[in-house]
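Source file: structure06.txt. Holds: compact mmCIF, C-alpha atoms.
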# COMPACT_ATOMS: atom_id res chain seq x y z
CA MET G 32 -65.83 -3.72 32.42
CA SER G 33 -65.89 -3.66 36.22
CA THR G 34 -67.98 -1.54 38.55
CA LEU G 35 -66.58 -0.61 41.95
CA THR G 36 -69.33 -1.12 44.51
CA ILE G 37 -69.05 -0.09 48.14
CA LYS G 38 -71.95 -1.23 50.32
CA ASN G 39 -72.70 -0.05 53.84
CA LEU G 40 -69.01 0.18 54.68
CA HIS G 41 -68.12 0.58 58.35
CA VAL G 42 -64.43 0.93 59.17
CA THR G 43 -62.50 1.45 62.38
CA LEU G 44 -58.98 2.81 62.69
CA GLU G 45 -57.17 1.73 65.87
CA GLY G 46 -60.56 0.90 67.36
CA LYS G 47 -62.11 4.28 66.51
CA PRO G 48 -65.07 4.25 64.08
CA ILE G 49 -64.13 6.36 61.03
CA LEU G 50 -66.51 5.22 58.29
CA ASN G 51 -70.12 4.71 59.31
CA GLY G 52 -71.97 3.25 56.37
CA VAL G 53 -70.49 4.45 53.07
CA ASN G 54 -72.34 3.51 49.87
CA LEU G 55 -70.76 4.23 46.51
CA THR G 56 -71.13 2.88 42.99
CA LEU G 57 -68.47 3.76 40.43
CA PRO G 58 -69.17 2.35 36.95
CA GLN G 59 -66.13 1.55 34.76
CA GLY G 60 -64.68 4.67 33.16
CA LYS G 61 -66.41 7.21 35.41
CA THR G 62 -64.69 9.85 37.54
CA HIS G 63 -65.98 10.54 41.04
CA VAL G 64 -64.68 13.17 43.43
CA ILE G 65 -64.79 12.80 47.18
CA MET G 66 -64.60 16.01 49.16
CA GLY G 67 -65.04 16.69 52.84
CA PRO G 68 -63.63 18.56 55.80
CA ASN G 69 -60.53 17.35 57.66
CA GLY G 70 -61.09 14.10 59.52
CA SER G 71 -64.21 13.14 57.58
CA GLY G 72 -62.70 9.78 56.58
CA LYS G 73 -61.63 10.50 52.98
CA SER G 74 -58.17 8.94 53.19
CA THR G 75 -59.49 6.06 55.28
CA LEU G 76 -61.91 5.26 52.47
CA GLY G 77 -59.09 5.15 49.89
CA ASN G 78 -56.83 3.13 52.20
CA THR G 79 -59.65 0.70 52.99
CA ILE G 80 -60.33 -0.03 49.32
CA LEU G 81 -56.67 -1.14 49.13
CA ARG G 82 -57.03 -3.00 52.46
CA HIS G 83 -54.57 -1.02 54.54
CA PRO G 84 -53.82 -3.27 57.54
CA GLN G 85 -54.85 -0.57 60.02
CA CYS G 86 -58.29 0.00 58.48
CA ALA G 87 -60.49 -2.74 59.92
CA ILE G 88 -63.74 -3.45 58.10
CA ALA G 89 -66.43 -3.88 60.76
CA LYS G 90 -69.35 -4.21 58.36
CA GLY G 91 -70.13 -3.96 54.65
CA SER G 92 -68.35 -4.94 51.46
CA ILE G 93 -66.23 -3.64 48.58
CA THR G 94 -66.42 -5.36 45.21
CA PHE G 95 -64.81 -4.65 41.86
CA GLY G 96 -66.60 -6.50 39.10
CA THR G 97 -66.70 -10.10 40.31
CA LYS G 98 -63.81 -9.61 42.74
CA LYS G 99 -64.51 -9.14 46.43
CA LEU G 100 -61.81 -6.63 47.41
CA SER G 101 -62.88 -6.62 51.05
CA SER G 102 -61.53 -10.15 51.45
CA MET G 103 -58.38 -9.76 49.33
CA LYS G 104 -54.85 -8.70 50.19
CA THR G 105 -53.46 -5.32 49.14
CA ASP G 106 -51.06 -6.73 46.53
CA GLU G 107 -53.81 -8.89 45.01
CA ILE G 108 -56.10 -5.86 44.75
CA ALA G 109 -53.33 -3.90 43.01
CA ARG G 110 -52.73 -6.74 40.56
CA ALA G 111 -56.48 -6.81 39.87
CA GLY G 112 -55.92 -3.29 38.47
CA VAL G 113 -57.11 -1.20 41.43
CA LEU G 114 -54.31 1.24 42.29
CA LEU G 115 -53.86 3.93 44.91
CA ALA G 116 -51.79 7.11 44.71
CA LEU G 117 -50.85 7.65 48.32
CA GLN G 118 -51.17 10.95 50.13
CA HIS G 119 -47.80 10.29 51.77
CA PRO G 120 -45.69 8.13 49.44
CA GLN G 121 -42.84 6.24 51.13
CA ALA G 122 -39.16 6.49 50.26
CA VAL G 123 -37.55 3.21 49.19
CA SER G 124 -33.78 3.37 49.52
CA GLY G 125 -31.72 1.77 46.74
CA VAL G 126 -34.74 1.11 44.52
CA THR G 127 -35.35 3.32 41.48
CA VAL G 128 -38.80 3.88 40.00
CA THR G 129 -37.63 2.16 36.80
CA ASN G 130 -36.61 -0.85 38.90
CA LEU G 131 -39.89 -0.89 40.77
CA LEU G 132 -42.06 -0.51 37.66
CA THR G 133 -40.29 -3.15 35.59
CA ILE G 134 -40.49 -5.73 38.40
CA ALA G 135 -44.12 -4.79 39.11
CA MET G 136 -45.00 -4.99 35.42
CA ARG G 137 -43.72 -8.57 35.21
CA LYS G 138 -46.02 -9.47 38.11
CA PHE G 139 -49.03 -7.82 36.49
CA CYS G 140 -48.35 -9.65 33.25
CA ALA G 141 -47.86 -12.97 35.06
CA ASP G 142 -51.30 -12.43 36.62
CA GLY G 143 -52.69 -11.71 33.14
CA VAL G 144 -54.10 -8.26 33.86
CA GLY G 145 -55.43 -7.89 30.36
CA ILE G 146 -55.71 -4.23 29.48
CA GLY G 147 -53.34 -1.65 28.11
CA THR G 148 -49.71 -2.48 27.42
CA CYS G 149 -49.86 -5.87 29.10
CA GLY G 150 -52.55 -7.34 26.87
CA ARG G 151 -50.74 -6.33 23.73
CA ARG G 152 -47.46 -7.56 25.08
CA LYS G 153 -48.79 -11.01 25.88
CA SER G 154 -49.18 -11.94 22.26
CA LYS G 155 -45.95 -10.31 21.14
CA GLY G 156 -43.69 -11.42 23.99
CA PHE G 157 -42.07 -9.33 26.65
CA LYS G 158 -40.95 -5.91 25.39
CA MET G 159 -39.18 -4.44 28.39
CA ALA G 160 -37.18 -2.02 26.25
CA HIS G 161 -40.44 -0.54 24.99
CA PHE G 162 -41.75 -0.22 28.54
CA ARG G 163 -38.57 1.63 29.57
CA GLU G 164 -39.18 4.11 26.76
CA GLN G 165 -42.74 4.61 28.01
CA ILE G 166 -41.40 5.38 31.50
CA LYS G 167 -39.10 8.05 30.01
CA ASP G 168 -41.90 9.55 27.90
CA THR G 169 -44.27 9.76 30.86
CA ALA G 170 -41.57 11.40 32.99
CA LYS G 171 -41.06 13.92 30.21
CA ALA G 172 -44.80 14.63 30.03
CA LEU G 173 -44.69 15.39 33.77
CA HIS G 174 -41.58 17.59 33.31
CA MET G 175 -39.48 15.30 35.50
CA PRO G 176 -35.77 15.23 34.66
CA ASP G 177 -34.32 11.79 33.78
CA GLU G 178 -32.28 11.71 36.97
CA PHE G 179 -35.48 11.07 38.95
CA LEU G 180 -35.73 7.72 37.18
CA SER G 181 -32.34 6.58 38.42
CA ARG G 182 -32.47 7.93 41.98
CA SER G 183 -33.74 6.06 45.04
CA LEU G 184 -37.55 6.31 44.87
CA ASN G 185 -38.90 9.33 46.78
CA GLU G 186 -35.68 9.68 48.80
CA GLY G 187 -35.07 13.38 49.34
CA PHE G 188 -37.87 14.27 46.90
CA SER G 189 -39.97 17.36 47.55
CA GLY G 190 -43.69 16.98 48.23
CA GLY G 191 -44.50 17.90 44.62
CA GLU G 192 -41.93 15.50 43.17
CA LYS G 193 -43.39 12.64 45.21
CA LYS G 194 -46.90 13.39 43.91
CA LYS G 195 -45.68 13.44 40.32
CA MET G 196 -43.93 10.13 40.96
CA GLU G 197 -47.24 8.61 42.11
CA ILE G 198 -49.02 9.71 38.94
CA LEU G 199 -46.12 8.44 36.83
CA GLN G 200 -46.51 4.96 38.36
CA LEU G 201 -50.30 4.92 38.03
CA SER G 202 -50.03 6.00 34.40
CA LEU G 203 -47.69 3.13 33.54
CA LEU G 204 -49.12 0.17 35.43
CA PRO G 205 -52.16 -1.50 33.85
CA ALA G 206 -54.80 0.27 35.93
CA LYS G 207 -58.55 -0.29 35.67
CA CYS G 208 -59.50 1.86 38.67
CA VAL G 209 -57.35 4.43 40.44
CA ILE G 210 -57.84 6.19 43.75
CA ILE G 211 -55.95 9.44 43.94
CA ASP G 212 -55.54 10.75 47.47
CA GLU G 213 -54.88 14.48 47.81
CA ILE G 214 -52.64 14.69 44.80
CA ASP G 215 -53.18 18.47 44.76
CA SER G 216 -51.48 19.17 48.11
CA GLY G 217 -47.88 20.25 47.63
CA LEU G 218 -48.23 20.89 43.89
CA ASP G 219 -47.86 24.31 42.36
CA ILE G 220 -50.32 25.34 39.67
CA ASP G 221 -48.12 24.30 36.71
CA ALA G 222 -47.38 20.89 38.23
CA LEU G 223 -51.06 20.45 39.04
CA LYS G 224 -51.97 21.07 35.39
CA LEU G 225 -49.48 18.42 34.21
CA VAL G 226 -50.78 15.93 36.77
CA ALA G 227 -54.40 16.70 35.80
CA LYS G 228 -53.48 16.08 32.17
CA GLN G 229 -52.19 12.60 33.03
CA ILE G 230 -55.34 11.85 35.03
CA SER G 231 -57.49 12.97 32.08
CA LYS G 232 -55.49 10.60 29.88
CA LEU G 233 -56.38 7.72 32.21
CA ARG G 234 -60.02 8.77 31.99
CA ALA G 235 -59.83 8.80 28.20
CA HIS G 236 -58.51 5.22 28.35
CA GLY G 237 -61.58 4.09 30.28
CA VAL G 238 -59.97 3.91 33.73
CA SER G 239 -62.34 4.53 36.65
CA ILE G 240 -61.13 7.32 38.91
CA ILE G 241 -61.76 8.40 42.49
CA ILE G 242 -60.24 11.77 43.34
CA ILE G 243 -59.98 12.58 47.03
CA THR G 244 -59.45 16.28 47.59
CA HIS G 245 -60.03 19.34 49.74
CA TYR G 246 -60.22 21.76 46.86
CA ASN G 247 -62.10 21.92 43.60
CA ARG G 248 -59.03 23.51 41.94
CA ILE G 249 -58.06 20.28 40.15
CA LEU G 250 -61.58 20.03 38.64
CA ARG G 251 -60.73 22.92 36.36
CA TRP G 252 -58.80 20.44 34.25
CA ILE G 253 -60.55 17.14 34.95
CA GLN G 254 -64.12 16.36 34.05
CA ALA G 255 -65.93 14.76 36.99
CA ASP G 256 -69.12 12.71 36.64
CA LYS G 257 -70.07 13.01 40.29
CA VAL G 258 -69.01 14.86 43.42
CA HIS G 259 -69.67 13.41 46.89
CA ILE G 260 -69.33 15.09 50.26
CA LEU G 261 -68.08 12.85 53.03
CA HIS G 262 -68.76 13.93 56.59
CA LYS G 263 -68.33 11.95 59.79
CA GLY G 264 -67.80 8.78 57.78
CA ARG G 265 -70.92 9.04 55.61
CA ILE G 266 -71.64 10.45 52.19
CA ILE G 267 -74.09 13.21 53.05
CA LYS G 268 -74.56 14.74 49.62
CA SER G 269 -73.87 13.80 45.99
CA GLY G 270 -74.13 15.99 42.94
CA THR G 271 -72.43 17.30 39.82
CA ASP G 272 -69.32 19.48 39.75
CA ALA G 273 -71.60 22.43 40.53
CA LEU G 274 -71.54 21.02 44.07
CA ALA G 275 -67.73 21.34 44.18
CA LYS G 276 -67.96 24.93 43.00
CA ASP G 277 -70.55 25.72 45.66
CA ILE G 278 -68.29 24.25 48.35
CA GLU G 279 -65.41 26.39 47.17
CA LYS G 280 -67.58 29.49 47.46
CA ASN G 281 -69.55 28.75 50.61
CA GLY G 282 -67.63 26.05 52.46
CA TYR G 283 -69.01 22.85 53.95
CA SER G 284 -71.04 24.37 56.78
CA GLU G 285 -74.35 24.48 54.92
CA TYR G 286 -74.20 20.80 54.04
CA ILE G 287 -72.87 19.69 57.39
CA LYS G 288 -75.74 21.54 59.15
CA GLU G 289 -78.33 19.51 57.27
CA THR G 290 -77.07 16.30 58.84
CA VAL G 291 -77.22 17.48 62.47
CA MET I 241 -10.12 -10.54 67.53
CA GLN I 242 -9.08 -8.65 64.43
CA VAL I 243 -7.65 -5.17 65.01
CA ILE I 244 -7.56 -2.49 62.33
CA ASN I 245 -5.42 0.58 63.06
CA VAL I 246 -5.60 3.53 60.70
CA HIS I 247 -3.76 6.82 60.76
CA VAL I 248 -5.06 9.61 58.55
CA GLY I 249 -2.44 12.10 57.38
CA ALA I 250 -2.80 15.80 56.58
CA ASP I 251 -5.44 16.40 53.88
CA GLU I 252 -5.62 12.68 53.30
CA SER I 253 -8.91 10.86 52.60
CA ARG I 254 -9.27 7.28 53.74
CA VAL I 255 -12.03 4.68 53.56
CA VAL I 256 -12.05 1.84 56.07
CA PRO I 257 -14.33 -0.91 54.73
CA ILE I 258 -15.55 -3.68 57.02
CA VAL I 259 -17.79 -6.53 55.91
CA TRP I 260 -19.39 -9.35 57.91
CA LEU I 261 -21.38 -12.06 56.16
CA GLY I 262 -21.69 -14.70 58.87
CA GLY I 263 -19.67 -16.81 61.31
CA ASP I 264 -18.29 -15.66 64.65
CA ARG I 265 -16.13 -12.57 64.43
CA HIS I 266 -14.85 -9.73 66.57
CA ILE I 267 -13.41 -6.67 64.86
CA LYS I 268 -11.96 -3.57 66.44
CA ALA I 269 -11.18 -0.56 64.24
CA ARG I 270 -9.33 2.49 65.53
CA VAL I 271 -8.76 5.62 63.49
CA VAL I 272 -6.51 8.48 64.62
CA MET I 273 -6.68 11.86 62.92
CA ASN I 274 -3.91 14.02 64.36
CA GLU I 275 -3.08 16.04 61.26
CA ARG I 276 -5.06 18.94 59.85
CA GLY I 277 -7.60 18.29 57.10
CA GLY I 278 -7.77 14.51 57.40
CA SER I 279 -10.94 12.76 56.33
CA VAL I 280 -12.17 9.22 56.97
CA LYS I 281 -15.17 7.04 56.23
CA VAL I 282 -15.53 3.94 58.36
CA LEU I 283 -18.06 1.75 56.54
CA CYS I 284 -19.39 -1.51 57.89
CA LEU I 285 -21.93 -3.66 56.09
CA PHE I 286 -23.28 -6.88 57.52
CA PHE I 287 -25.70 -9.47 56.26
CA ALA I 288 -25.98 -12.80 58.01
CA ARG I 289 -28.26 -15.66 58.97
CA LYS I 290 -26.11 -17.15 61.69
CA GLY I 291 -23.12 -16.36 63.86
CA THR I 292 -22.20 -13.60 66.24
CA PHE I 293 -20.54 -10.37 65.26
CA LYS I 294 -18.95 -7.93 67.62
CA LEU I 295 -17.79 -4.63 66.19
CA GLU I 296 -16.04 -1.81 67.97
CA THR I 297 -15.10 1.37 66.17
CA GLU I 298 -13.24 4.36 67.55
CA VAL I 299 -12.54 7.56 65.65
CA ILE I 300 -10.32 10.11 67.36
CA HIS I 301 -10.23 13.70 66.12
CA GLU I 302 -7.11 15.40 67.46
CA ALA I 303 -6.35 17.92 64.71
CA PRO I 304 -8.48 20.81 63.40
CA ASP I 305 -10.56 20.55 60.20
CA THR I 306 -10.85 16.78 60.42
CA PHE I 307 -13.89 14.97 59.05
CA SER I 308 -15.30 11.54 59.84
CA ARG I 309 -18.30 9.44 59.02
CA THR I 310 -18.90 6.11 60.70
CA ILE I 311 -21.73 4.23 58.97
CA VAL I 312 -22.78 0.77 60.07
CA LYS I 313 -25.65 -0.86 58.20
CA GLY I 314 -26.86 -4.38 57.99
CA VAL I 315 -29.55 -7.00 57.83
CA LEU I 316 -29.90 -9.93 60.22
CA ASP I 317 -31.94 -13.05 59.56
CA GLY I 318 -32.23 -16.45 61.27
CA ASN I 319 -30.50 -16.26 64.65
CA ALA I 320 -27.62 -13.98 63.72
CA VAL I 321 -26.46 -11.54 66.38
CA ALA I 322 -24.60 -8.26 65.87
CA ASN I 323 -23.40 -6.05 68.68
CA TYR I 324 -21.90 -2.71 67.91
CA GLU I 325 -20.08 -0.20 70.05
CA GLY I 326 -19.11 2.99 68.29
CA LEU I 327 -17.14 5.83 69.80
CA VAL I 328 -16.19 9.21 68.37
CA THR I 329 -13.85 11.40 70.39
CA ILE I 330 -13.19 15.03 69.54
CA LYS I 331 -10.21 16.26 71.56
CA LYS I 332 -9.55 19.80 72.74
CA GLY I 333 -8.00 21.74 69.86
CA ALA I 334 -9.72 19.81 67.06
CA LYS I 335 -11.53 22.96 65.94
CA ASN I 336 -14.02 22.62 63.06
CA ALA I 337 -14.04 18.87 63.37
CA ASP I 338 -17.07 17.31 61.69
CA ALA I 339 -18.10 13.87 62.90
CA ASP I 340 -21.12 11.64 62.52
CA LEU I 341 -21.82 8.10 63.59
CA ASN I 342 -24.83 6.13 62.46
CA GLU I 343 -26.07 2.58 62.71
CA ARG I 344 -29.13 1.03 61.11
CA ALA I 345 -29.97 -2.64 61.39
CA ILE I 346 -32.95 -4.45 59.93
CA LEU I 347 -34.11 -7.63 61.64
CA LEU I 348 -35.88 -10.14 59.41
CA SER I 349 -36.56 -12.83 61.97
CA PRO I 350 -37.81 -12.72 65.56
CA THR I 351 -34.68 -14.57 66.73
CA ALA I 352 -32.14 -12.22 65.12
CA ARG I 353 -30.72 -9.62 67.48
CA ALA I 354 -28.81 -6.35 67.13
CA GLY I 355 -27.42 -4.11 69.82
CA ALA I 356 -25.95 -0.67 69.38
CA ILE I 357 -24.12 1.62 71.76
CA PRO I 358 -23.10 4.82 69.97
CA ARG I 359 -21.07 7.33 72.00
CA LEU I 360 -19.72 10.81 71.41
CA GLU I 361 -17.09 12.50 73.56
CA VAL I 362 -16.71 16.11 72.57
CA LEU I 363 -14.09 18.23 74.36
CA GLU I 364 -13.93 21.10 71.84
CA ASN I 365 -16.66 23.68 71.29
CA GLU I 366 -16.44 24.67 67.63
CA VAL I 367 -17.38 21.33 66.11
CA LYS I 368 -20.20 19.52 64.36
CA ALA I 369 -21.04 16.12 65.76
CA GLY I 370 -23.99 13.78 65.55
CA HIS I 371 -24.96 10.20 66.15
CA GLY I 372 -27.91 7.87 65.86
CA ALA I 373 -28.87 4.23 65.83
CA THR I 374 -32.01 2.45 64.77
CA VAL I 375 -32.70 -1.24 64.98
CA GLY I 376 -35.99 -2.53 63.67
CA LYS I 377 -38.07 -4.58 61.31
CA VAL I 378 -38.89 -3.59 57.74
CA GLY I 379 -41.39 -0.74 58.13
CA GLU I 380 -45.11 -1.50 57.71
CA ASP I 381 -45.61 1.76 55.80
CA GLU I 382 -43.00 0.75 53.23
CA LEU I 383 -44.57 -2.72 52.92
CA PHE I 384 -48.03 -1.22 52.35
CA TYR I 385 -46.64 1.20 49.78
CA LEU I 386 -45.08 -1.62 47.77
CA ALA I 387 -48.21 -3.77 48.21
CA THR I 388 -50.20 -1.01 46.48
CA ARG I 389 -47.82 -1.55 43.53
CA GLY I 390 -48.57 -5.28 43.46
CA PHE I 391 -45.77 -6.66 45.67
CA ALA I 392 -46.64 -9.47 48.08
CA ARG I 393 -45.16 -9.16 51.57
CA ALA I 394 -42.18 -11.47 51.06
CA GLU I 395 -41.34 -9.90 47.68
CA ALA I 396 -41.61 -6.39 49.11
CA LYS I 397 -39.28 -7.31 52.00
CA ARG I 398 -36.74 -8.76 49.57
CA LEU I 399 -36.85 -5.60 47.45
CA ILE I 400 -36.48 -3.29 50.45
CA VAL I 401 -33.57 -5.30 51.90
CA ARG I 402 -31.81 -5.53 48.56
CA GLY I 403 -32.29 -1.78 48.01
CA PHE I 404 -31.10 -0.95 51.53
CA LEU I 405 -27.87 -2.91 51.03
CA GLU I 406 -27.40 -1.85 47.39
CA ALA I 407 -27.59 1.86 48.28
CA PHE I 408 -24.83 1.28 50.85
CA ILE I 409 -22.60 -0.96 48.69
CA GLU I 410 -22.21 1.99 46.31
CA GLU I 411 -20.20 3.80 48.97
CA PHE I 412 -17.61 1.01 49.21
CA PRO I 413 -14.40 0.90 47.17
CA ALA I 414 -14.78 -1.14 43.96
CA LYS I 415 -12.89 -4.19 45.26
CA GLU I 416 -15.02 -4.58 48.40
CA ALA I 417 -18.22 -3.74 46.52
CA LYS I 418 -17.55 -6.60 44.13
CA GLU I 419 -16.77 -8.95 47.00
CA ILE I 420 -20.01 -8.06 48.81
CA ARG I 421 -22.14 -8.41 45.69
CA SER I 422 -20.80 -11.87 44.83
CA ALA I 423 -21.23 -12.99 48.45
CA LEU I 424 -24.82 -11.71 48.49
CA LEU I 425 -25.59 -13.66 45.34
CA LYS I 426 -24.50 -16.87 47.05
CA LEU I 427 -26.69 -16.30 50.09
Step by step, read the file and then write its structure as structure tokens.
Amino acid sequence: MSTLTIKNLHVTLEGKPILNGVNLTLPQGKTHVIMGPNGSGKSTLGNTILRHPQCAIAKGSITFGTKKLSSMKTDEIARAGVLLALQHPQAVSGVTVTNLLTIAMRKFCADGVGIGTCGRRKSKGFKMAHFREQIKDTAKALHMPDEFLSRSLNEGFSGGEKKKMEILQLSLLPAKCVIIDEIDSGLDIDALKLVAKQISKLRAHGVSIIIITHYNRILRWIQADKVHILHKGRIIKSGTDALAKDIEKNGYSEYIKETV
Amino acid sequence: MQVINVHVGADESRVVPIVWLGGDRHIKARVVMNERGGSVKVLCLFFARKGTFKLETEVIHEAPDTFSRTIVKGVLDGNAVANYEGLVTIKKGAKNADADLNERAILLSPTARAGAIPRLEVLENEVKAGHGATVGKVGEDELFYLATRGFARAEAKRLIVRGFLEAFIEEFPAKEAKEIRSALLKL
């Protein structure tokens, strides 16, 4: 059980201050939603948790259980079970998702990330064939044709296909905490439902979840424990999903006014 | 200097495979398409740690409905140097010619160097023609993406380079593809 704790986080991006003192506590297994107008720092927050090289931490700390993420490298953070679904996933020529996941899985197991498939596998030996079946099943659950598993990752994929591919990877790697950055942009309503279903599955497995979004649409299918509004690099309001509904109806202006 | 001369006949499809895996070499390839419906792919793959490579390619469209792709892709490490000059000429009368020339080189070390001079000479109006060249390091965005999946920098670079070459090897004829793969294993 690991709690994600963000304390007084100040971050600059290319010298410009973007986050100005973010505090957030996400207990294991909880789902928090971060909303906010364009440019409020939502993506920067997600990228900073994974230590994107351009997001410089000026002050504050990020911890996950006993691990101090703010002084770790991105790949170490991922192997500690903290994963990010990117808003703009990259294409990797000549590498299929099956390729990527099987190599990644070996690394996770070598590091002894002890939940989900990996923990069971450790005692029984390496069952790559079983993992390949799981990849196929997850693709099917997301209504992705098999050919997506054998094509170059994200190369020539539509926006929606890329987003599904992100959720596929997060569903299969041994995640303890996932940050999902604007998964709902570029997805039609049917695709969004399938993606939300996968996210709910993660929640049911005790994975902590941060959903970064503009819209409360996705909350129709995912139960959120808390909703935060980020504005000018600070969390200015926290509440239940009633807050998300209110934002959908009335916009951000009322909340933003309070901070002026 | 090694010279490769290719003539593409009417409705004929040809592949011209070129591979450089190190050492000093100078290759000049010249393809003439003076019969209707000819099609050619000039493919060059390079992967080297040392040595100097000079490559010149020239594709000449003289007849109508001719098609060409010139694709040069490679990875340079250590102090390897690759210089490429690519020319595509579409002569008057080669209506509906379709030509493209592209180079992409990835540099893995600060002392590796790649130069590219792509040129198009188009003397006919009703044609499709394009060219481009990029020389650079492995992209930081790609490295971050793979890091978020648990890959350390060096591992991510290896995966990207292997994928970049692998995707291109698939376009080579079986004999050359096999040759490249076994050479890459030894490197």
Env of segment 279-293 of chain I: 6 Å cut, atoms = only C-alpha atoms, seq-sep filter 4 positions within chain, self excluded. Answer as a PyMOL selection string. chain I and resi 253-266+306-322
Using C-alpha atoms, can you write the selected residues to a file as a PDB file, in the coordinates of the input?
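Output below, filename out.pdb:
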ATOM      1  CA  SER I 253      -8.910  10.860  52.600  1.00  0.00           C
ATOM      2  CA  ARG I 254      -9.270   7.280  53.740  1.00  0.00           C
ATOM      3  CA  VAL I 255     -12.030   4.680  53.560  1.00  0.00           C
ATOM      4  CA  VAL I 256     -12.050   1.840  56.070  1.00  0.00           C
ATOM      5  CA  PRO I 257     -14.330  -0.910  54.730  1.00  0.00           C
ATOM      6  CA  ILE I 258     -15.550  -3.680  57.020  1.00  0.00           C
ATOM      7  CA  VAL I 259     -17.790  -6.530  55.910  1.00  0.00           C
ATOM      8  CA  TRP I 260     -19.390  -9.350  57.910  1.00  0.00           C
ATOM      9  CA  LEU I 261     -21.380 -12.060  56.160  1.00  0.00           C
ATOM     10  CA  GLY I 262     -21.690 -14.700  58.870  1.00  0.00           C
ATOM     11  CA  GLY I 263     -19.670 -16.810  61.310  1.00  0.00           C
ATOM     12  CA  ASP I 264     -18.290 -15.660  64.650  1.00  0.00           C
ATOM     13  CA  ARG I 265     -16.130 -12.570  64.430  1.00  0.00           C
ATOM     14  CA  HIS I 266     -14.850  -9.730  66.570  1.00  0.00           C
ATOM     15  CA  THR I 306     -10.850  16.780  60.420  1.00  0.00           C
ATOM     16  CA  PHE I 307     -13.890  14.970  59.050  1.00  0.00           C
ATOM     17  CA  SER I 308     -15.300  11.540  59.840  1.00  0.00           C
ATOM     18  CA  ARG I 309     -18.300   9.440  59.020  1.00  0.00           C
ATOM     19  CA  THR I 310     -18.900   6.110  60.700  1.00  0.00           C
ATOM     20  CA  ILE I 311     -21.730   4.230  58.970  1.00  0.00           C
ATOM     21  CA  VAL I 312     -22.780   0.770  60.070  1.00  0.00           C
ATOM     22  CA  LYS I 313     -25.650  -0.860  58.200  1.00  0.00           C
ATOM     23  CA  GLY I 314     -26.860  -4.380  57.990  1.00  0.00           C
ATOM     24  CA  VAL I 315     -29.550  -7.000  57.830  1.00  0.00           C
ATOM     25  CA  LEU I 316     -29.900  -9.930  60.220  1.00  0.00           C
ATOM     26  CA  ASP I 317     -31.940 -13.050  59.560  1.00  0.00           C
ATOM     27  CA  GLY I 318     -32.230 -16.450  61.270  1.00  0.00           C
ATOM     28  CA  ASN I 319     -30.500 -16.260  64.650  1.00  0.00           C
ATOM     29  CA  ALA I 320     -27.620 -13.980  63.720  1.00  0.00           C
ATOM     30  CA  VAL I 321     -26.460 -11.540  66.380  1.00  0.00           C
ATOM     31  CA  ALA I 322     -24.600  -8.260  65.870  1.00  0.00           C
TER      32      ALA I 322
END
Determine, counting all atoms listed in the file, every residue of protein, DNA or RNA that lies within 10 Å of (-58.8, 19.6, 34.0) in the file coordinates, then give the result as a ChimeraX atom specification. /G:223-231,248-255
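Interatomic distance, atom CA of Ser71 of chain G to atom CA of Ala116 of chain G: 18.9 Å.
Considering only C-alpha atoms, the residue among G:Met32, G:Ala141, G:Val64, G:Ile287 positioned nearest to Arg265 of chain G is G:Ile287.
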Residues near Asp142 of chain G, cut-off 9 Å, all atoms listed in the file, skip fewer than 3 positions along chain, as number ranges by chain: G: 110-111, 137-139, 145
Report as a Markdown table the residues of chain G within 9 Å of chain I, each with its shortest atom pair and distance in Å (one decimal), using all atoms listed in the file, ordered by chain and increasing residue number.
| residue | atom | partner | partner_atom | distance |
| --- | --- | --- | --- | --- |
| G:Leu81 | CA | I:Thr388 | CA | 7.0 |
| G:His83 | CA | I:Phe384 | CA | 6.9 |
| G:Pro84 | CA | I:Phe384 | CA | 8.0 |
| G:Lys104 | CA | I:Ala387 | CA | 8.5 |
| G:Thr105 | CA | I:Ala387 | CA | 5.6 |
| G:Asp106 | CA | I:Gly390 | CA | 4.2 |
| G:Glu107 | CA | I:Gly390 | CA | 6.5 |
| G:Ile108 | CA | I:Gly390 | CA | 7.7 |
| G:Ala109 | CA | I:Gly390 | CA | 5.0 |
| G:Arg110 | CA | I:Gly390 | CA | 5.3 |
| G:Ala111 | CA | I:Gly390 | CA | 8.8 |
| G:Val113 | CA | I:Thr388 | CA | 8.6 |
| G:Leu114 | CA | I:Thr388 | CA | 6.3 |
| G:Leu115 | CA | I:Thr388 | CA | 6.3 |
| G:Ala116 | CA | I:Thr388 | CA | 8.5 |
| G:Leu117 | CA | I:Tyr385 | CA | 7.8 |
| G:Pro120 | CA | I:Tyr385 | CA | 7.0 |
| G:Gln121 | CA | I:Glu382 | CA | 5.9 |
| G:Ala122 | CA | I:Glu382 | CA | 7.5 |
| G:Val123 | CA | I:Ile400 | CA | 6.7 |
| G:Ser124 | CA | I:Phe404 | CA | 5.5 |
| G:Gly125 | CA | I:Gly403 | CA | 3.8 |
| G:Val126 | CA | I:Gly403 | CA | 5.2 |
| G:Thr127 | CA | I:Gly403 | CA | 8.8 |
| G:Leu131 | CA | I:Arg389 | CA | 8.4 |
| G:Leu132 | CA | I:Arg389 | CA | 8.3 |
| G:Ala135 | CA | I:Gly390 | CA | 6.2 |
| G:Met136 | CA | I:Gly390 | CA | 8.8 |
| G:Lys138 | CA | I:Gly390 | CA | 7.3 |
| G:Phe139 | CA | I:Gly390 | CA | 7.4 |
| G:Ser183 | CA | I:Ala407 | CA | 8.1 |
| G:Gln200 | CA | I:Arg389 | CA | 8.4 |
| G:Leu201 | CA | I:Arg389 | CA | 8.8 |
| G:Leu204 | CA | I:Arg389 | CA | 8.4 |
Non-local contacts of Asp256 of chain G (7 Å; all atoms listed in the file; under 2 positions in same chain excluded) as a VMD selection string: chain G and resid 61 to 63 254 271
